[in-house]
Structures are given as structure tokens and as C-alpha cells.
Amino acid sequence: MSTPRPRSGFVPPPYPHDRLGDLRAVAQAVPGGIVDCSVGTPIDPLPDLVRRALDDAMGAARGYPPTIGTPEYRGAAADWLTRRFGVTLDPAAVLACVGTKEFVASLPRSLSLRDPSRDTVLYPGVAYPTYAMGATLAGLRAVPVPVDEHWQPDWSRVDAADVERALLVWLNDPANPTGVTSTADALAQSVAWARARGVLVASDECYAEFTADGHGQPAKPVTALTSGPDGVLAVHSLSKRSNMAGLRVGFVAGDADLVHYLGEVRKHAGLMVPGPIQAAAAAALSDEAHVDEQRTRYATRRAQILPALERRGIVHVGGPSTFYLWLAAPEVGDGWALAAELARMGILVAPGDLYGEAGSREARLALTVTDAQVGVMVERLSPA
């Protein structure tokens with residue numbers, strides 16, 4: 001007897017970057033091969049101190065690690081928040097996560113169990129796709145917040161009915177994919193807007209170490225926690241600052257009651273960061289020198305590739321932060337047309353509508369390529 005099929009149910013949409021198959025094939029066919037700038041996966045070396053800490057901790061990796069994080073890791077994260085942002089939190093208000101993507105995807109479900117009276121997640125209209133998908137996976141409504149001419153959320157344009165139903169709002173600073181950065185005052189105003197309406201705030205600050213000013217120089221990062229931890233969760237990643245994407249480790253910090261609740265939920269789900277990786281993450285958070293080196297690498301690549309793109313009429317229309325370029329070429333067409341033109345040069349980028357309909361005229365280029373590959377791109381972009 002055949003298994004009955006459900007009458008209806010969730011059918012996962014194509015994963016955003018899986019939609020690039022045809023463009024990838026075009027880029028791969030170019031002599032010399034593809035330069036893949038479509039995904040922001042770090043490719044630079046793992047810091048030596050991280051390797052050493054990982055090796056040193058392997059011999060003690062017999063028991064289950066604490067889901068909430070080891071005292072050493074939570075303490076290192078709290079110390080880093082104080083040094084980097086001037087924010088003081090008890091380590092008990094810090095929670096380990098298995099890379100921040102799983103946390104972004106699972107947070108709406110956990111929060112909806114805590115408060116089933118609200119069913120809506122708000123997020124910037126041009127943003128990391130997992131904000132919306134996390135809501136969908138939780139059976140909630142995903143509602144994009146319109147963005148202004150600077151790619152920042154425009155709270156005045158959020159429908160009052162959506163605000164009434166909102167459980168959570170996502171902030172992202174510096175922003176992926178646009179690279180824009182808020183001032184401390186603007187970020188505080190966003191937090192105040194949410195608090196006044198009883199909406200919890202999750203602030204994705206994974207690119208904080210790659211904050212830059214209008215001249216492309218390193219700038220002090222901002223955090224939603226400056227407004228106080230009540231109703232606020234700040235999400236941080238080791239993937240970007242320390243090239244640890246393959247080790248899958250991050251943390252969330254803020255409202256102590258929320259952190260405790262999420263820790264209890266995650267214990268039942270068995271969401272544990274392996275002990276040696278927590279030790280490596282604690283070591284990474286104690287050091288700034290390797291972050292300075294990585295920041296310089298991305299700044300150098302940006303400085304090399306921007307003029308080459310501009311000679312082709314392709315301009316960066318986003319902000320100065322992160323390691324992404326948010327590109328537009330009005331004479332070429334929309335984001336898919338721009339991606340197709342670059343694919344014919346062997347350069348694969350992500351069309352902007354992968355990050356929301358409001359980004360359909362743009363495309364994102366990730367600087368997570370080698371210096372040699374940057375040289376290849378510059379050569380390919382040069383006029384014949």
C-alpha cells in the first residue's frame with residue numbers, strides 16, 4: 001500500500017544561490033575558469049592562535065559540551081563586547097550558537113512558542129534571505145520593511161496592522177548585501193521604535209568588524225545593545241572576523257531572560273557547539289591582530305576592483321562597510337542582466353533580487369576571493 005500524500009504542505013523554494021546554475025555554467029566556460037564572487041564564504045587563512053587552541057582542546061573533547069556555551073567562551077564574548085563596543089554584560093547573558101545562520105533560522109520558532117499571540121517577523125526589504133525564511137519555517141508571516149534611498153529601513157512605511165502583529169524585528173548593521181552602516185543614533189532610534197510597540201529586536205551584527213567610514217577607513221562599529229539589553233538580542237559570528245565559517249560558531253547576547261529561555265529551548269534540541277571549537281572561538285575573541293590583517297585584505301581588494309568595475313560602467317551604490325559590493329549598471333539593465341554580463345567575463349555574482357524585490361536592479365559581489373583572483377578580475381574587466 002502506498003504512503004498517503006499530504007493534501008498540502010510546505011514545499012521548500014529553490015535555495016537562493018542554487019538559482020545561479022545557468023550563470024555558473026557560463027562563467028565556468030570562460031578560459032581560465034570561474035571567479036566565484038556569489039557567496040561570502042571566507043577563503044583566507046585560519047589564524048594560527050585558533051589552530052593552536054583547537055589542537056590543544058582536542059584531547060579533552062570526550063564529554064558533551066554545554067549547549068549554552070562554556071564559561072570560557074561566554075566570558076570571552078562578554079569581554080569582547082566590552083572592549084569593542086563599551087557594553088557590559090554578565091556572561092550569563094551570552095549564549096553560544098552553532099553558527100549564526102541556524103540561530104537566525106530558528107529564532108522565530110522559539111519566540112513564537114514563548115508568545116503565540118503574535119505571528120509576524122519584520123525585516124529590512126533588502127536583506128539576508130534567512131530572516132524571511134526563519135519566519136516561514138516557524139509558520140509565521142514574513143513582512144519586509146520598505147527601505148529608503150540609502151537602503152535603510154523606513155519605519156514610517158510599515159503598515160500599522162503588521163506592527164500590531166509583530167513578534168520580532170530584524171536589524172542588520174553593517175548590512176548584507178548593501179554594506180550600509182547606521183549611526184549610533186539611528187540604530188538607537190530603530191530599537192526605540194520597536195520597544196515602543198512591544199516588538200523584540202534581533203540585531204545581526206556579524207559584520208561589525210568590517211565597519212568603515214565614508215572614506216573607506218576603519219570605523220567604530222555600533223550595536224543595538226548600546227540602548228540597553230531589554231528586549232534586544234545582538235547576534236555575532238566568528239565566521240567573518242576570524243575566517244572560522246567552517247567551524248560553525250557564533251553567539252547571541254543581550255536580554256538575560258530571553259537568553260536564558262533560548263538556552264533552555266536549545267538544550268532540548270541538542271544544539272551544541274563542539275568543545276574544541278568553543279575553545280578556539282574564545283582564543284579568537286581575545287585577539288585583534290588577525291582581525292586587523294583581514295580588514296586590510298578586504299580593503300585592498302576593494303580598492304583594486306572598484307576602479308576596474310567603474311571603467312565598465314558598473315558602480316557600487318551601497319555603503320563602505322562589510323566585504324560586499326552592491327553594484328548597479330543602469331545601461332546594462334537589472335541585476336540579472338548585470339550578473340549575466342559579468343558571467344560572460346567569468347565572474348559570478350549574485351543578482352540583487354535574491355535579497356528582496358527592492359534590490360532587483362542591483363547585484364552583490366563578494367570580496368571573498370584570493371588576491372590572485374582579484375588580479376584576474378581586474379584583467380578581465382579591462383577594456384579590450
# chains A, B, ... in the order shown; residues from 1 in each chain; ligands from 1

call {"tool": "select_by_dssp", "arguments": {"residues": "region 117-267 of chain A", "states": "alpha helix (DSSP H)", "output": "number ranges by chain"}}
result
A: 130-137, 160-165, 184-196, 238-241, 256-267

call {"tool": "write_last_selection", "arguments": {"atoms": "N, CA and C atoms", "output": "short mmCIF file (atom, residue, chain, number, x, y, z; two decimals), in the first residue's frame"}}
result
data_model
loop_
_atom_site.label_atom_id
_atom_site.label_comp_id
_atom_site.auth_asym_id
_atom_site.auth_seq_id
_atom_site.Cartn_x
_atom_site.Cartn_y
_atom_site.Cartn_z
N THR A 130 17.62 34.60 4.99
CA THR A 130 17.24 33.72 6.09
C THR A 130 16.34 34.41 7.10
N TYR A 131 16.34 35.75 7.15
CA TYR A 131 15.39 36.44 8.04
C TYR A 131 13.96 36.04 7.67
N ALA A 132 13.65 36.10 6.39
CA ALA A 132 12.31 35.74 5.93
C ALA A 132 12.07 34.25 6.04
N MET A 133 13.05 33.45 5.68
CA MET A 133 12.87 32.00 5.72
C MET A 133 12.68 31.50 7.14
N GLY A 134 13.35 32.12 8.12
CA GLY A 134 13.14 31.72 9.51
C GLY A 134 11.69 31.89 9.93
N ALA A 135 11.07 32.98 9.49
CA ALA A 135 9.65 33.19 9.77
C ALA A 135 8.80 32.13 9.09
N THR A 136 9.10 31.86 7.84
CA THR A 136 8.34 30.86 7.09
C THR A 136 8.44 29.49 7.74
N LEU A 137 9.64 29.09 8.14
CA LEU A 137 9.83 27.78 8.78
C LEU A 137 9.10 27.69 10.11
N ALA A 160 0.36 49.60 9.96
CA ALA A 160 0.01 49.52 11.38
C ALA A 160 -0.49 48.13 11.77
N ALA A 161 -1.19 47.46 10.86
CA ALA A 161 -1.69 46.11 11.16
C ALA A 161 -0.55 45.12 11.31
N ASP A 162 0.51 45.30 10.52
CA ASP A 162 1.68 44.44 10.63
C ASP A 162 2.42 44.70 11.94
N VAL A 163 2.51 45.95 12.33
CA VAL A 163 3.16 46.29 13.60
C VAL A 163 2.42 45.65 14.75
N GLU A 164 1.09 45.69 14.71
CA GLU A 164 0.27 45.13 15.79
C GLU A 164 0.53 43.63 15.96
N ARG A 165 0.85 42.96 14.86
CA ARG A 165 1.05 41.51 14.89
C ARG A 165 2.52 41.12 15.03
N ALA A 184 25.11 55.52 15.43
CA ALA A 184 24.65 55.02 16.72
C ALA A 184 23.26 55.56 17.05
N ASP A 185 23.01 56.83 16.72
CA ASP A 185 21.71 57.43 17.00
C ASP A 185 20.60 56.77 16.17
N ALA A 186 20.89 56.50 14.90
CA ALA A 186 19.88 55.88 14.04
C ALA A 186 19.55 54.47 14.52
N LEU A 187 20.57 53.73 14.93
CA LEU A 187 20.31 52.38 15.43
C LEU A 187 19.49 52.44 16.72
N ALA A 188 19.83 53.40 17.58
CA ALA A 188 19.06 53.57 18.82
C ALA A 188 17.61 53.93 18.52
N GLN A 189 17.37 54.72 17.49
CA GLN A 189 16.01 55.08 17.13
C GLN A 189 15.23 53.86 16.64
N SER A 190 15.91 52.96 15.93
CA SER A 190 15.25 51.73 15.48
C SER A 190 14.85 50.87 16.67
N VAL A 191 15.74 50.76 17.64
CA VAL A 191 15.44 49.99 18.84
C VAL A 191 14.28 50.63 19.59
N ALA A 192 14.30 51.95 19.71
CA ALA A 192 13.23 52.66 20.42
C ALA A 192 11.89 52.47 19.71
N TRP A 193 11.90 52.48 18.38
CA TRP A 193 10.67 52.26 17.61
C TRP A 193 10.07 50.90 17.96
N ALA A 194 10.90 49.87 18.00
CA ALA A 194 10.41 48.53 18.30
C ALA A 194 9.94 48.41 19.74
N ARG A 195 10.71 48.95 20.66
CA ARG A 195 10.33 48.86 22.08
C ARG A 195 8.99 49.54 22.35
N ALA A 196 8.78 50.68 21.72
CA ALA A 196 7.54 51.42 21.95
C ALA A 196 6.32 50.63 21.49
N LEU A 238 31.84 34.32 14.39
CA LEU A 238 33.28 34.18 14.23
C LEU A 238 33.64 33.89 12.78
N SER A 239 32.66 33.60 11.95
CA SER A 239 32.92 33.24 10.55
C SER A 239 33.63 34.35 9.80
N LYS A 240 33.19 35.59 10.03
CA LYS A 240 33.69 36.72 9.26
C LYS A 240 34.98 37.27 9.85
N ARG A 241 34.95 37.62 11.14
CA ARG A 241 36.10 38.29 11.75
C ARG A 241 37.33 37.39 11.82
N ALA A 256 18.79 39.14 29.36
CA ALA A 256 19.15 37.95 30.14
C ALA A 256 18.00 36.95 30.20
N ASP A 257 16.77 37.41 30.33
CA ASP A 257 15.64 36.48 30.38
C ASP A 257 15.45 35.76 29.05
N LEU A 258 15.57 36.50 27.95
CA LEU A 258 15.45 35.87 26.64
C LEU A 258 16.59 34.88 26.40
N VAL A 259 17.80 35.25 26.75
CA VAL A 259 18.94 34.36 26.57
C VAL A 259 18.75 33.08 27.37
N HIS A 260 18.29 33.21 28.61
CA HIS A 260 18.03 32.02 29.43
C HIS A 260 16.97 31.14 28.79
N TYR A 261 15.88 31.75 28.35
CA TYR A 261 14.80 30.99 27.71
C TYR A 261 15.32 30.24 26.48
N LEU A 262 16.04 30.95 25.63
CA LEU A 262 16.55 30.32 24.41
C LEU A 262 17.53 29.20 24.74
N GLY A 263 18.33 29.40 25.77
CA GLY A 263 19.25 28.35 26.18
C GLY A 263 18.52 27.09 26.61
N GLU A 264 17.42 27.25 27.36
CA GLU A 264 16.64 26.09 27.79
C GLU A 264 16.01 25.37 26.59
N VAL A 265 15.48 26.14 25.64
CA VAL A 265 14.89 25.53 24.44
C VAL A 265 15.96 24.76 23.67
N ARG A 266 17.11 25.36 23.52
CA ARG A 266 18.16 24.76 22.70
C ARG A 266 18.78 23.54 23.37
N LYS A 267 18.73 23.47 24.69
CA LYS A 267 19.17 22.24 25.37
C LYS A 267 18.34 21.05 24.91
#

call {"tool": "residues_around", "arguments": {"residues": "region 79-91 of chain A", "least_positions_apart": "2", "cutoff": "12 Å", "atoms": "only C-alpha atoms", "output": "PyMOL selection string"}}
result
chain A and resi 68-77+93-96+184+205+208-209+211+219-230+233-236+238+251-256+259-260+281-288

call {"tool": "write_last_selection", "arguments": {"atoms": "N, CA and C atoms", "output": "short mmCIF file (atom, residue, chain, number, x, y, z; two decimals), in the first residue's frame"}}
result
data_model
loop_
_atom_site.label_atom_id
_atom_site.label_comp_id
_atom_site.auth_asym_id
_atom_site.auth_seq_id
_atom_site.Cartn_x
_atom_site.Cartn_y
_atom_site.Cartn_z
N ILE A 68 24.65 26.02 26.26
CA ILE A 68 24.68 27.47 26.43
C ILE A 68 26.06 28.06 26.16
N GLY A 69 27.07 27.20 26.13
CA GLY A 69 28.44 27.67 25.93
C GLY A 69 29.27 27.43 27.18
N THR A 70 30.54 27.18 26.99
CA THR A 70 31.43 27.02 28.14
C THR A 70 31.59 28.35 28.85
N PRO A 71 31.91 28.31 30.14
CA PRO A 71 32.17 29.58 30.84
C PRO A 71 33.27 30.39 30.17
N GLU A 72 34.29 29.71 29.63
CA GLU A 72 35.40 30.41 28.98
C GLU A 72 34.93 31.14 27.73
N TYR A 73 34.11 30.47 26.93
CA TYR A 73 33.64 31.09 25.70
C TYR A 73 32.68 32.24 26.00
N ARG A 74 31.75 32.04 26.89
CA ARG A 74 30.81 33.10 27.22
C ARG A 74 31.53 34.30 27.85
N GLY A 75 32.52 34.00 28.68
CA GLY A 75 33.30 35.09 29.28
C GLY A 75 34.09 35.85 28.25
N ALA A 76 34.69 35.13 27.28
CA ALA A 76 35.47 35.79 26.23
C ALA A 76 34.57 36.68 25.37
N ALA A 77 33.35 36.21 25.10
CA ALA A 77 32.41 37.01 24.30
C ALA A 77 31.99 38.27 25.05
N ALA A 93 24.39 36.33 30.17
CA ALA A 93 23.54 36.90 29.12
C ALA A 93 24.11 36.66 27.74
N VAL A 94 25.00 35.67 27.63
CA VAL A 94 25.61 35.28 26.35
C VAL A 94 25.28 33.81 26.11
N LEU A 95 24.97 33.47 24.88
CA LEU A 95 24.58 32.12 24.51
C LEU A 95 25.32 31.70 23.24
N ALA A 96 25.95 30.53 23.28
CA ALA A 96 26.64 30.01 22.09
C ALA A 96 25.62 29.55 21.05
N ALA A 184 25.11 55.52 15.43
CA ALA A 184 24.65 55.02 16.72
C ALA A 184 23.26 55.56 17.05
N GLU A 205 24.76 41.61 13.85
CA GLU A 205 25.96 42.46 13.83
C GLU A 205 27.20 41.66 13.43
N ALA A 208 30.33 43.45 12.07
CA ALA A 208 30.72 44.63 12.85
C ALA A 208 32.20 44.97 12.67
N GLU A 209 33.06 43.98 12.59
CA GLU A 209 34.50 44.25 12.50
C GLU A 209 34.90 44.85 11.15
N THR A 211 33.29 47.46 9.72
CA THR A 211 32.64 48.76 9.63
C THR A 211 33.65 49.79 9.13
N ALA A 219 36.13 52.12 11.05
CA ALA A 219 35.34 52.96 11.95
C ALA A 219 34.83 52.12 13.11
N LYS A 220 34.49 52.79 14.19
CA LYS A 220 33.98 52.10 15.37
C LYS A 220 32.61 51.50 15.04
N PRO A 221 32.42 50.21 15.30
CA PRO A 221 31.12 49.60 14.99
C PRO A 221 30.06 50.01 16.01
N VAL A 222 28.82 49.84 15.63
CA VAL A 222 27.70 50.15 16.51
C VAL A 222 26.99 48.86 16.90
N THR A 223 26.26 48.91 17.99
CA THR A 223 25.49 47.76 18.45
C THR A 223 24.16 48.22 19.02
N ALA A 224 23.14 47.42 18.82
CA ALA A 224 21.83 47.72 19.39
C ALA A 224 21.87 47.65 20.91
N LEU A 225 22.86 46.96 21.48
CA LEU A 225 22.95 46.83 22.93
C LEU A 225 23.31 48.14 23.63
N THR A 226 23.76 49.13 22.87
CA THR A 226 24.03 50.43 23.47
C THR A 226 22.75 51.03 24.05
N SER A 227 21.62 50.63 23.51
CA SER A 227 20.33 51.10 24.02
C SER A 227 19.86 50.30 25.23
N GLY A 228 20.70 49.39 25.71
CA GLY A 228 20.33 48.54 26.83
C GLY A 228 19.86 47.19 26.33
N PRO A 229 19.94 46.15 27.16
CA PRO A 229 19.63 44.80 26.69
C PRO A 229 18.15 44.43 26.70
N ASP A 230 17.29 45.21 27.32
CA ASP A 230 15.89 44.82 27.46
C ASP A 230 15.23 44.62 26.09
N LEU A 233 18.44 41.31 21.34
CA LEU A 233 19.43 40.27 21.17
C LEU A 233 20.40 40.70 20.07
N ALA A 234 21.69 40.72 20.37
CA ALA A 234 22.71 41.03 19.36
C ALA A 234 23.36 39.72 18.93
N VAL A 235 23.45 39.52 17.63
CA VAL A 235 23.95 38.26 17.06
C VAL A 235 25.33 38.51 16.45
N HIS A 236 26.30 37.68 16.85
CA HIS A 236 27.68 37.84 16.37
C HIS A 236 28.25 36.53 15.87
N LEU A 238 31.84 34.32 14.39
CA LEU A 238 33.28 34.18 14.23
C LEU A 238 33.64 33.89 12.78
N PHE A 251 27.65 33.61 18.61
CA PHE A 251 26.99 33.78 19.89
C PHE A 251 25.93 34.87 19.79
N VAL A 252 25.00 34.83 20.75
CA VAL A 252 23.98 35.85 20.86
C VAL A 252 24.04 36.39 22.29
N ALA A 253 23.83 37.69 22.43
CA ALA A 253 23.95 38.33 23.75
C ALA A 253 22.90 39.41 23.89
N GLY A 254 22.48 39.63 25.14
CA GLY A 254 21.52 40.71 25.37
C GLY A 254 20.61 40.46 26.54
N ASP A 255 19.31 40.51 26.28
CA ASP A 255 18.29 40.38 27.33
C ASP A 255 18.49 39.05 28.08
N ALA A 256 18.79 39.14 29.36
CA ALA A 256 19.15 37.95 30.14
C ALA A 256 18.00 36.95 30.20
N VAL A 259 17.80 35.25 26.75
CA VAL A 259 18.94 34.36 26.57
C VAL A 259 18.75 33.08 27.37
N HIS A 260 18.29 33.21 28.61
CA HIS A 260 18.03 32.02 29.43
C HIS A 260 16.97 31.14 28.79
N ALA A 281 37.17 29.54 19.53
CA ALA A 281 36.44 30.80 19.42
C ALA A 281 36.82 31.76 20.54
N ALA A 282 37.00 31.22 21.74
CA ALA A 282 37.41 32.07 22.87
C ALA A 282 38.78 32.68 22.59
N ALA A 283 39.68 31.89 22.03
CA ALA A 283 41.00 32.41 21.69
C ALA A 283 40.90 33.49 20.62
N ALA A 284 40.06 33.27 19.61
CA ALA A 284 39.91 34.25 18.54
C ALA A 284 39.38 35.58 19.06
N LEU A 285 38.43 35.52 19.99
CA LEU A 285 37.85 36.75 20.53
C LEU A 285 38.83 37.53 21.40
N SER A 286 39.88 36.86 21.85
CA SER A 286 40.87 37.53 22.71
C SER A 286 41.92 38.29 21.90
N ASP A 287 41.89 38.15 20.58
CA ASP A 287 42.95 38.71 19.74
C ASP A 287 42.36 39.64 18.68
N GLU A 288 43.00 40.78 18.48
CA GLU A 288 42.55 41.74 17.46
C GLU A 288 43.49 41.81 16.26
#

call {"tool": "select_by_dssp", "arguments": {"residues": "region 111-226 of chain A", "states": "strand (DSSP E)", "output": "number ranges by chain"}}
result
A: 120-124, 141-145, 166-172, 200-204

call {"tool": "residues_around", "arguments": {"residues": "Pro174 (chain A)", "least_positions_apart": "2", "cutoff": "8 Å", "atoms": "only C-alpha atoms", "output": "number ranges by chain"}}
result
A: 172, 176, 179-182, 205-208, 210-211, 321-322

call {"tool": "write_last_selection", "arguments": {"atoms": "C-alpha atoms", "output": "mmCIF file, in the first residue's frame"}}
result
data_model
loop_
_atom_site.group_PDB
_atom_site.id
_atom_site.type_symbol
_atom_site.label_atom_id
_atom_site.label_comp_id
_atom_site.auth_asym_id
_atom_site.auth_seq_id
_atom_site.Cartn_x
_atom_site.Cartn_y
_atom_site.Cartn_z
ATOM 1 C CA ASN A 172 21.405 44.307 10.377
ATOM 2 C CA ASN A 176 24.358 42.495 3.942
ATOM 3 C CA GLY A 179 27.318 47.464 3.066
ATOM 4 C CA VAL A 180 25.480 50.416 4.620
ATOM 5 C CA THR A 181 26.048 51.349 8.258
ATOM 6 C CA SER A 182 23.797 53.172 10.702
ATOM 7 C CA GLU A 205 25.962 42.456 13.826
ATOM 8 C CA CYS A 206 28.060 39.705 12.236
ATOM 9 C CA TYR A 207 29.960 42.197 10.038
ATOM 10 C CA ALA A 208 30.722 44.626 12.848
ATOM 11 C CA PHE A 210 34.288 45.434 8.892
ATOM 12 C CA THR A 211 32.637 48.764 9.630
ATOM 13 C CA SER A 321 31.349 48.565 5.112
ATOM 14 C CA THR A 322 31.463 44.734 5.009
#

call {"tool": "atom_distance", "arguments": {"atom1": "CA of Ala212 (chain A)", "atom2": "CA of Gly333 (chain A)"}}
result
29.0 Å

call {"tool": "closest_residue", "arguments": {"among": "A:Ala280, A:Val169, A:Ala343, A:Ala142", "to": "Gln28 (chain A)", "atoms": "only C-alpha atoms"}}
result
A:Ala343

call {"tool": "closest_residue", "arguments": {"among": "A:Val35, A:Val143, A:Asn243, A:Asp119", "to": "Val378 (chain A)", "atoms": "only C-alpha atoms"}}
result
A:Val35

call {"tool": "closest_residue", "arguments": {"among": "A:Arg312, A:Arg295, A:Arg24, A:Arg301", "to": "Ser242 (chain A)", "atoms": "only C-alpha atoms"}}
result
A:Arg295

call {"tool": "closest_residue", "arguments": {"among": "A:Asp334, A:Asp173, A:Asp44, A:Glu379", "to": "Glu362 (chain A)", "atoms": "only C-alpha atoms"}}
result
A:Asp334

call {"tool": "residues_around", "arguments": {"residues": "Ile277 (chain A)", "least_positions_apart": "2", "cutoff": "8 Å", "atoms": "only C-alpha atoms", "output": "list in words"}}
result
Leu54, Leu247, Val249, Val273, Pro274, Gly275, Ala279, Ala280 and Ala281 of chain A

call {"tool": "atom_distance", "arguments": {"atom1": "CA of Arg361 (chain A)", "atom2": "CA of Ala328 (chain A)"}}
result
6.7 Å

call {"tool": "residues_around", "arguments": {"residues": "Asp353 (chain A)", "least_positions_apart": "5", "cutoff": "10 Å", "atoms": "only C-alpha atoms", "output": "ChimeraX atom specification"}}
result
/A:16,126-127,129,334-336,358-364

call {"tool": "atom_distance", "arguments": {"atom1": "CA of Pro218 (chain A)", "atom2": "CA of Ala303 (chain A)"}}
result
13.8 Å

call {"tool": "closest_residue", "arguments": {"among": "A:Met58, A:Leu168, A:Leu338, A:Leu46", "to": "Leu140 (chain A)", "atoms": "only C-alpha atoms"}}
result
A:Leu168

call {"tool": "closest_residue", "arguments": {"among": "A:Val349, A:Gln278, A:Leu23, A:Ile314", "to": "Ala53 (chain A)", "atoms": "only C-alpha atoms"}}
result
A:Gln278

call {"tool": "residues_around", "arguments": {"residues": "Pro31 (chain A)", "least_positions_apart": "4", "cutoff": "10 Å", "atoms": "only C-alpha atoms", "output": "number ranges by chain"}}
result
A: 27, 345-346

call {"tool": "decode", "arguments": {"residues": "region 136-148 of chain A", "atoms": "N, CA and C atoms", "output": "compact mmCIF listing (two decimals), in the first residue's frame"}}
result
# COMPACT_ATOMS: atom_id res chain seq x y z
N THR A 136 9.10 31.86 7.84
CA THR A 136 8.34 30.86 7.09
C THR A 136 8.44 29.49 7.74
N LEU A 137 9.64 29.09 8.14
CA LEU A 137 9.83 27.78 8.78
C LEU A 137 9.10 27.69 10.11
N ALA A 138 8.85 28.84 10.74
CA ALA A 138 8.12 28.87 12.00
C ALA A 138 6.61 28.95 11.79
N GLY A 139 6.16 29.01 10.54
CA GLY A 139 4.74 29.17 10.26
C GLY A 139 4.25 30.57 10.53
N LEU A 140 5.15 31.55 10.48
CA LEU A 140 4.81 32.95 10.74
C LEU A 140 4.81 33.75 9.44
N ARG A 141 4.32 34.96 9.53
CA ARG A 141 4.32 35.89 8.40
C ARG A 141 5.65 36.62 8.33
N ALA A 142 6.25 36.63 7.16
CA ALA A 142 7.48 37.39 6.92
C ALA A 142 7.12 38.65 6.16
N VAL A 143 7.34 39.81 6.79
CA VAL A 143 6.92 41.08 6.19
C VAL A 143 8.14 41.99 6.03
N PRO A 144 8.52 42.31 4.78
CA PRO A 144 9.67 43.20 4.58
C PRO A 144 9.32 44.65 4.92
N VAL A 145 10.27 45.33 5.54
CA VAL A 145 10.13 46.75 5.84
C VAL A 145 10.68 47.54 4.65
N PRO A 146 9.92 48.43 4.06
CA PRO A 146 10.44 49.21 2.93
C PRO A 146 11.72 49.94 3.30
N VAL A 147 12.63 50.05 2.32
CA VAL A 147 13.88 50.76 2.56
C VAL A 147 13.86 52.11 1.86
N ASP A 148 14.66 53.04 2.41
CA ASP A 148 14.73 54.37 1.82
C ASP A 148 15.82 54.42 0.75
